[in-house]
>>> print(open('structure.cif').read())   # mmCIF, C-alpha atoms
data_target
#
loop_
_atom_site.group_PDB
_atom_site.id
_atom_site.type_symbol
_atom_site.label_atom_id
_atom_site.label_comp_id
_atom_site.auth_asym_id
_atom_site.auth_seq_id
_atom_site.Cartn_x
_atom_site.Cartn_y
_atom_site.Cartn_z
ATOM 1 C CA MET J 1 6.882 18.470 13.279
ATOM 2 C CA ILE J 2 7.307 15.868 16.022
ATOM 3 C CA ARG J 3 10.104 16.540 18.487
ATOM 4 C CA LEU J 4 11.667 13.646 20.340
ATOM 5 C CA GLY J 5 13.555 14.206 23.541
ATOM 6 C CA LYS J 6 16.795 12.348 24.223
ATOM 7 C CA ALA J 7 14.886 9.576 26.034
ATOM 8 C CA GLY J 8 12.422 9.215 23.145
ATOM 9 C CA LEU J 9 15.221 9.050 20.605
ATOM 10 C CA LEU J 10 17.078 6.421 22.642
ATOM 11 C CA ALA J 11 13.886 4.359 22.984
ATOM 12 C CA ALA J 12 13.288 4.535 19.222
ATOM 13 C CA ILE J 13 16.853 3.387 18.517
ATOM 14 C CA LEU J 14 16.587 0.497 20.977
ATOM 15 C CA LEU J 15 13.238 -0.623 19.556
ATOM 16 C CA SER J 16 14.570 -0.590 16.006
ATOM 17 C CA ALA J 17 17.624 -2.582 17.104
ATOM 18 C CA CYS J 18 15.379 -5.297 18.564
ATOM 19 C CA SER J 19 13.542 -5.846 15.316
ATOM 20 C CA SER J 20 16.455 -5.280 12.924
ATOM 21 C CA LEU J 21 18.719 -7.929 14.486
ATOM 22 C CA PRO J 22 16.602 -10.891 13.260
ATOM 23 C CA THR J 23 16.239 -9.227 9.865
ATOM 24 C CA ARG J 24 20.026 -8.835 9.581
ATOM 25 C CA ALA J 25 20.538 -12.418 10.754
ATOM 26 C CA LYS J 26 18.442 -13.690 7.828
ATOM 27 C CA HIS J 27 21.300 -12.488 5.607
ATOM 28 C CA ASP J 28 24.331 -12.691 7.893
ATOM 29 C CA LEU J 29 23.845 -16.391 8.736
ATOM 30 C CA ILE J 30 23.880 -17.475 5.084
ATOM 31 C CA GLY J 31 26.949 -19.635 4.523
ATOM 32 C CA MET J 32 27.447 -20.461 8.219
ATOM 33 C CA GLY J 33 28.391 -24.095 8.781
ATOM 34 C CA ARG J 34 26.065 -26.519 10.558
ATOM 35 C CA ALA J 35 28.391 -27.004 13.551
ATOM 36 C CA ASP J 36 28.771 -23.237 14.043
ATOM 37 C CA LEU J 37 24.998 -22.722 13.772
ATOM 38 C CA ILE J 38 24.288 -25.336 16.431
ATOM 39 C CA ALA J 39 27.097 -23.953 18.614
ATOM 40 C CA CYS J 40 25.473 -20.504 18.697
ATOM 41 C CA ALA J 41 21.733 -21.343 18.402
ATOM 42 C CA GLY J 42 21.765 -24.529 20.471
ATOM 43 C CA VAL J 43 20.446 -27.961 19.615
ATOM 44 C CA PRO J 44 17.476 -27.580 17.251
ATOM 45 C CA ASP J 45 14.017 -28.606 18.420
ATOM 46 C CA ASN J 46 13.195 -30.277 15.091
ATOM 47 C CA ARG J 47 15.158 -31.621 12.157
ATOM 48 C CA GLU J 48 13.794 -32.629 8.768
ATOM 49 C CA PRO J 49 16.146 -34.321 6.300
ATOM 50 C CA LEU J 50 15.769 -33.320 2.640
ATOM 51 C CA PRO J 51 17.237 -34.910 -0.490
ATOM 52 C CA ASP J 52 19.623 -31.950 -0.890
ATOM 53 C CA GLY J 53 20.213 -31.085 2.787
ATOM 54 C CA GLU J 54 18.085 -30.530 5.864
ATOM 55 C CA VAL J 55 15.832 -28.073 7.663
ATOM 56 C CA LEU J 56 16.488 -27.229 11.318
ATOM 57 C CA GLU J 57 13.937 -25.498 13.547
ATOM 58 C CA TRP J 58 14.340 -23.726 16.867
ATOM 59 C CA ARG J 59 11.229 -22.860 18.864
ATOM 60 C CA GLN J 60 10.836 -19.963 21.253
ATOM 61 C CA ASP J 61 7.281 -20.670 22.430
ATOM 62 C CA GLN J 62 7.310 -18.590 25.614
ATOM 63 C CA GLN J 63 5.348 -15.401 24.982
ATOM 64 C CA VAL J 64 7.570 -12.354 24.568
ATOM 65 C CA GLN J 65 5.740 -9.312 25.839
ATOM 66 C CA GLY J 66 5.864 -5.970 24.100
ATOM 67 C CA PRO J 67 7.549 -3.053 25.858
ATOM 68 C CA LEU J 68 4.430 -1.135 26.926
ATOM 69 C CA THR J 69 1.966 -2.405 29.527
ATOM 70 C CA ILE J 70 -0.303 -0.070 31.497
ATOM 71 C CA LYS J 71 -1.633 -1.233 34.884
ATOM 72 C CA THR J 72 -4.055 0.622 37.140
ATOM 73 C CA PRO J 73 -4.906 0.221 40.819
ATOM 74 C CA LEU J 74 -8.254 -1.439 39.961
ATOM 75 C CA SER J 75 -6.572 -4.436 38.293
ATOM 76 C CA PHE J 76 -7.137 -3.021 34.836
ATOM 77 C CA GLU J 77 -4.285 -3.927 32.540
ATOM 78 C CA MET J 78 -3.752 -2.934 28.924
ATOM 79 C CA ASP J 79 -0.886 -4.224 26.795
ATOM 80 C CA LEU J 80 -0.060 -1.972 23.858
ATOM 81 C CA GLY J 81 2.991 -3.878 22.734
ATOM 82 C CA GLY J 82 1.558 -7.243 21.801
ATOM 83 C CA HIS J 83 2.881 -10.681 22.523
ATOM 84 C CA GLY J 84 4.807 -12.977 20.273
ATOM 85 C CA THR J 85 6.545 -16.286 19.848
ATOM 86 C CA CYS J 86 9.044 -17.293 17.211
ATOM 87 C CA HIS J 87 10.231 -20.340 15.349
ATOM 88 C CA MET J 88 13.506 -19.938 13.488
ATOM 89 C CA VAL J 89 13.790 -22.230 10.486
ATOM 90 C CA ALA J 90 17.161 -22.701 8.783
ATOM 91 C CA ARG J 91 17.603 -24.605 5.541
ATOM 92 C CA LEU J 92 21.020 -26.177 5.053
ATOM 93 C CA LYS J 93 22.565 -27.415 1.811
ATOM 94 C CA THR J 94 25.885 -29.262 1.858
ATOM 95 C CA GLY J 95 26.235 -28.461 5.559
ATOM 96 C CA ARG J 96 25.861 -24.671 5.200
ATOM 97 C CA VAL J 97 22.944 -22.323 5.888
ATOM 98 C CA SER J 98 21.228 -21.371 2.632
ATOM 99 C CA GLN J 99 18.061 -19.743 4.023
ATOM 100 C CA VAL J 100 16.691 -18.456 7.339
ATOM 101 C CA GLU J 101 13.002 -17.738 7.962
ATOM 102 C CA TYR J 102 10.848 -16.997 11.004
ATOM 103 C CA THR J 103 7.347 -18.254 11.710
ATOM 104 C CA GLY J 104 4.856 -17.724 14.499
ATOM 105 C CA PRO J 105 3.054 -14.665 15.779
ATOM 106 C CA SER J 106 6.275 -12.774 16.459
ATOM 107 C CA ALA J 107 5.135 -9.153 16.131
ATOM 108 C CA THR J 108 5.406 -6.846 19.112
ATOM 109 C CA LEU J 109 5.638 -3.074 19.397
ATOM 110 C CA ALA J 110 9.388 -3.527 18.933
ATOM 111 C CA GLY J 111 8.881 -4.860 15.398
ATOM 112 C CA PRO J 112 7.736 -7.804 13.302
ATOM 113 C CA TYR J 113 10.506 -10.201 14.380
ATOM 114 C CA ALA J 114 11.239 -8.865 17.874
ATOM 115 C CA ALA J 115 10.256 -12.161 19.518
ATOM 116 C CA CYS J 116 12.956 -13.866 17.402
ATOM 117 C CA ARG J 117 15.794 -11.785 18.822
ATOM 118 C CA SER J 118 16.754 -14.293 21.530
ATOM 119 C CA LEU J 119 17.011 -17.098 18.957
ATOM 120 C CA VAL J 120 19.536 -15.295 16.753
ATOM 121 C CA LEU J 121 21.473 -12.998 19.093
ATOM 122 C CA ALA J 122 24.469 -15.294 19.679
ATOM 123 C CA CYS J 123 24.605 -16.371 16.018
ATOM 124 C CA GLU J 124 24.478 -12.785 14.785
ATOM 125 C CA LYS J 125 27.366 -11.868 17.103
ATOM 126 C CA ARG J 126 29.327 -14.883 15.837
ATOM 127 C CA ALA J 127 28.637 -13.954 12.200
ATOM 128 C CA MET J 128 29.745 -10.362 12.793
ATOM 129 C CA LEU J 129 33.034 -11.566 14.331
ATOM 130 C CA HIS J 130 33.746 -13.830 11.364
ATOM 131 C CA ASN J 131 32.846 -11.131 8.829
ATOM 132 C CA SER J 132 35.126 -8.530 10.440
#
>>> encode(input="structure.cif", output="structure tokens")
Amino acid sequence: MIRLGKAGLLAAILLSACSSLPTRAKHDLIGMGRADLIACAGVPDNREPLPDGEVLEWRQDQQVQGPLTIKTPLSFEMDLGGHGTCHMVARLKTGRVSQVEYTGPSATLAGPYAACRSLVLACEKRAMLHNS
């Protein structure tokens, strides 16, 4: 049986929160209006009109580093957390979000969508306020 100390348990909770936020946002942002989405996510980097709506894309291309890097005095460095980027893609129909997906190598030690957290944090908070 593995025993986690208080610090280990806190770290596990924080890591799961980083990766679960984008996963929750994929569901919580459904139905959000276009103006509200842009207000919380910012101006999209790309827009593609479709016959029944549009697709908006936000790009977070700066590498997000995983939470565990080991450095030694002899300039040896080992990253166990991975690096990631994220592109958030939202499909809108009749001015409302109908689908949210993430692309890019976004996996870090904190989870498969951890690099996407910064793209959806404000929108997830906004969605939670409106759903309360």
>>> residues_around(input="structure.cif", residues="J:Ser98", least_positions_apart="6", cutoff="10 Å", atoms="all atoms listed in the file", output="PyMOL selection string")
chain J and resi 26-27+29-33+53+55+90-92
>>> closest_residue(input="structure.cif", among="J:Glu54, J:Glu48, J:Asp61, J:Asp28", to="J:Val120", atoms="all atoms listed in the file")
J:Asp28
>>> closest_residue(input="structure.cif", among="J:Gln60, J:Thr72, J:Ser20, J:Asn131", to="J:Pro44", atoms="all atoms listed in the file")
J:Gln60
>>> residues_around(input="structure.cif", residues="J:Cys40", least_positions_apart="4", cutoff="10 Å", atoms="only C-alpha atoms", output="PyMOL selection string")
chain J and resi 35-36+119-127
>>> atom_distance(input="structure.cif", atom1="atom CA of J:Pro22", atom2="atom CA of J:Gly84")
13.9 Å
>>> atom_distance(input="structure.cif", atom1="atom CA of J:Leu50", atom2="atom CA of J:Thr23")
25.2 Å
>>> atom_distance(input="structure.cif", atom1="atom CA of J:Cys116", atom2="atom CA of J:Cys86")
5.2 Å
>>> resolve_selection(input="structure.cif", expression="the PyMOL selection byres ((chain J and resi 101) around 7)", output="list in words")
Lys26, Met88, Val89, Ala90, Gln99, Val100, Tyr102 and Thr103 of chain J
>>> axis_aligned_box(input="structure.cif", around="stretch 27-35 of chain J", padding_each_side="5 Å", output="JSON")
{"center_x": 24.8, "center_y": -19.7, "center_z": 9.0, "size_x": 17.1, "size_y": 24.5, "size_z": 19.0}
>>> residues_around(input="structure.cif", residues="J:Arg34", least_positions_apart="3", cutoff="9 Å", atoms="all atoms listed in the file", output="mmCIF file with C-alpha atoms, in the frame of the given file")
data_model
loop_
_atom_site.group_PDB
_atom_site.id
_atom_site.type_symbol
_atom_site.label_atom_id
_atom_site.label_comp_id
_atom_site.auth_asym_id
_atom_site.auth_seq_id
_atom_site.Cartn_x
_atom_site.Cartn_y
_atom_site.Cartn_z
ATOM 1 C CA LEU J 37 24.998 -22.722 13.772
ATOM 2 C CA ILE J 38 24.288 -25.336 16.431
ATOM 3 C CA ALA J 39 27.097 -23.953 18.614
ATOM 4 C CA LEU J 92 21.020 -26.177 5.053
ATOM 5 C CA GLY J 95 26.235 -28.461 5.559
ATOM 6 C CA ARG J 96 25.861 -24.671 5.200
ATOM 7 C CA VAL J 97 22.944 -22.323 5.888
#
>>> closest_residue(input="structure.cif", among="J:His87, J:Leu21, J:Leu74, J:Lys93", to="J:Asn46", atoms="only C-alpha atoms")
J:His87
>>> residues_around(input="structure.cif", residues="J:Pro105", least_positions_apart="5", cutoff="9 Å", atoms="all atoms listed in the file", output="MDAnalysis selection string")
chainID J and resid 83:86 112:113 115
